[in-house]
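First the structure, in the form of structure tokens, and then the observations on it.
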Amino acid sequence: GGNAANTACAIGRLNTYAEVAIASSAGNDANGDTIIKGLQKDDVDVRYVERFEGTSPFTYVISTNDADNSRTCIHQRGNGCLTVNFADKIPIDEFSAMHFDTRYPDAAVLLSRKCTERNIPYSLDVERPREGLVDLMSNATIVLCNSMYCDTILGQSETQKTDAELVTRLRKVIADQAPRAELAVMTLGARGSCLIRMAQDLQSGDDLVILTDGDSETTPTVTKRHGAIWCPVWRGCNIIDTTGAGDAFQGGFISAIWAYVASKGGTKVIKSTHLPMNDRVLAHSLRIGTRVATRKIEAPGARCGLPYIGDDIFLQSEFNALLEL
């Protein structure tokens with residue numbers, strides 16, 4: 001379990017377009033074996049999962065089908081972790097890009113610094129202030145956060161923020177904390193998501209629809225306004241459980257981004273200074289992330305609903321359109 005594991009499984013189920021491995025840890029108990037088997041089932045390479053003596057962490061999630069779709073998580077910590085010594089031996093030159101959360105901060109910071117030295121771009125899942133987060137954000141290429149993180153850093157306003165205010169707050173936080181970031185994505189729950197390019201202000205062309213393509217009424221139409229690209233939620237979905245929805249979105253989004261970049265020149269392009277992306281590339285990537293998250297919330301648990309690429313016609317079409325750009 002955990003954020004990065006959920007995201008890895010989301011990518012693994014889209015493995016026609018990206019291969020994925022995970023660096024983490026698990027105990028040598030039955031729960032640890034179950035964790036490993038679950039990752040392998042979703043085509044996640046587990047060679048870099050450190051096994052330790054003792055019990056694995058696990059979480060019980062109690063969800064309700066009330067009006068708020070509330071859930072309660074009861075987490076039991078394991079008695080081991082991904083150690084710096086183990087992480088230091090991971091051959092990161094095998095990878096074109098990396099994605100981090102902050103569950104094991106010492107190991108994550110070590111690997112992120114190696115990425116920076118080797119010009120390997122990485123994305124970062126930002127939930128809340130945690131140990132090691134400042135170091136990880138300082139060299140991240142893509143930052144993915146929720147609106148609550150900006151509220152934590154800048155303070156919560158008494159009224160619901162306008163779209164323009166959300167963009168201003170996101171841009172300020174990323175400029176201050178992630179000076180090398182090229183893209184920042186903020187998830188907004190029922191309001192969808194928005195994306196900003198840090199090196200380019202998108203003020204011109206506000207309210208221009210950049211993705212329609214004659215899709216069905218439930219498919220989100222992506223627009224740009226207030227200096228950001230916006231993707232609303234998928235309409236008409238049957239919400240069962242929102243556990244892991246953000247992880248699922250991130251898996252779909254970064255899978256799309258790196259699949260596109262790789263299709264335009266492979267590792268050489270991925271390790272270049274800037275990501276070669278236009279509005280439509282980013283729009284397709286947001287819609288792919290939104291689709292993966294939508295499928296996830298229509299089933300219980302963090303992974304049961306994650307779509308397989310072969311079973312989702314929309315994702316197949318969206319990836320094909322993305323890679324033809």
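Ligands are numbered from 1 in the order shown, residues from 1 within each chain, and chains are lettered A, B, ... in the order they appear in the structure tokens.
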
Surrounding residues of A:Val233 excluding itself and chain neighbours under 2 positions, 8 Å, only C-alpha atoms, as number ranges by chain: A: 190-193, 220, 231, 235, 290, 294

Shell of 8 Å around A:Ala107, only C-alpha atoms, local chain residues under 4 positions omitted, as a list in words: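 The residues satisfying every condition are Leu82, Thr83, Val84, Ala87, Asp88 and Leu111 of chain A.
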
Spatial neighbours of stretch 166-181 of chain A, 9 Å, only C-alpha atoms, chain gap at least 4 places, as a ChimeraX atom specification: /A:123,134,136-143,147,150-151,153-154,161-162,185-186,194-199,226-228

DSSP alpha helix (DSSP H) selection over stretch 49-280 of chain A, as a count of residues only: 72

Residues near stretch 295-309 of chain A, cut-off 10 Å, only C-alpha atoms, skip fewer than 3 positions along chain, as a ChimeraX atom specification: /A:1-3,5-7,9-17,38,42,60-63,234,237-249,251-252,290-292,312-316,319

Residue with smallest distance to A:Glu324 - pool A:Ala293, A:Ile35, A:Val49, A:Ala259, counting only C-alpha atoms: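 Among A:Ala293, A:Ile35, A:Val49, A:Ala259, it is A:Ala259 that comes nearest to A:Glu324.
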
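Within stretch 54-183 of chain A, DSSP run on the backbone puts these residues in strand (DSSP E): Phe58, Thr59, Tyr60, Val61, Ile62, Ser63, Arg71, Thr72, Cys73, Ile74, His75, Gln76, Met98, His99, Phe100, Tyr122, Ser123, Leu124, Asp125, Val126, Ile142, Val143, Leu144, Cys145, Asn146 and Leu183 of chain A.
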
Closest of A:His99, A:Asn146, A:Arg287, A:Thr72 to A:Ser317 - atom-to-atom distances counting only C-alpha atoms: A:Arg287

Polymer residues at most 10 Å from A:Ala97, only C-alpha atoms, same-chain spacing of 4 or more positions, as an MDAnalysis selection string: chainID A and resid 20 92:93 115 119:123 141 254 258 267 270:271

Atom pair atom CA of A:Ala256 / atom CA of A:Leu188: separation (Å): 19.9 Å
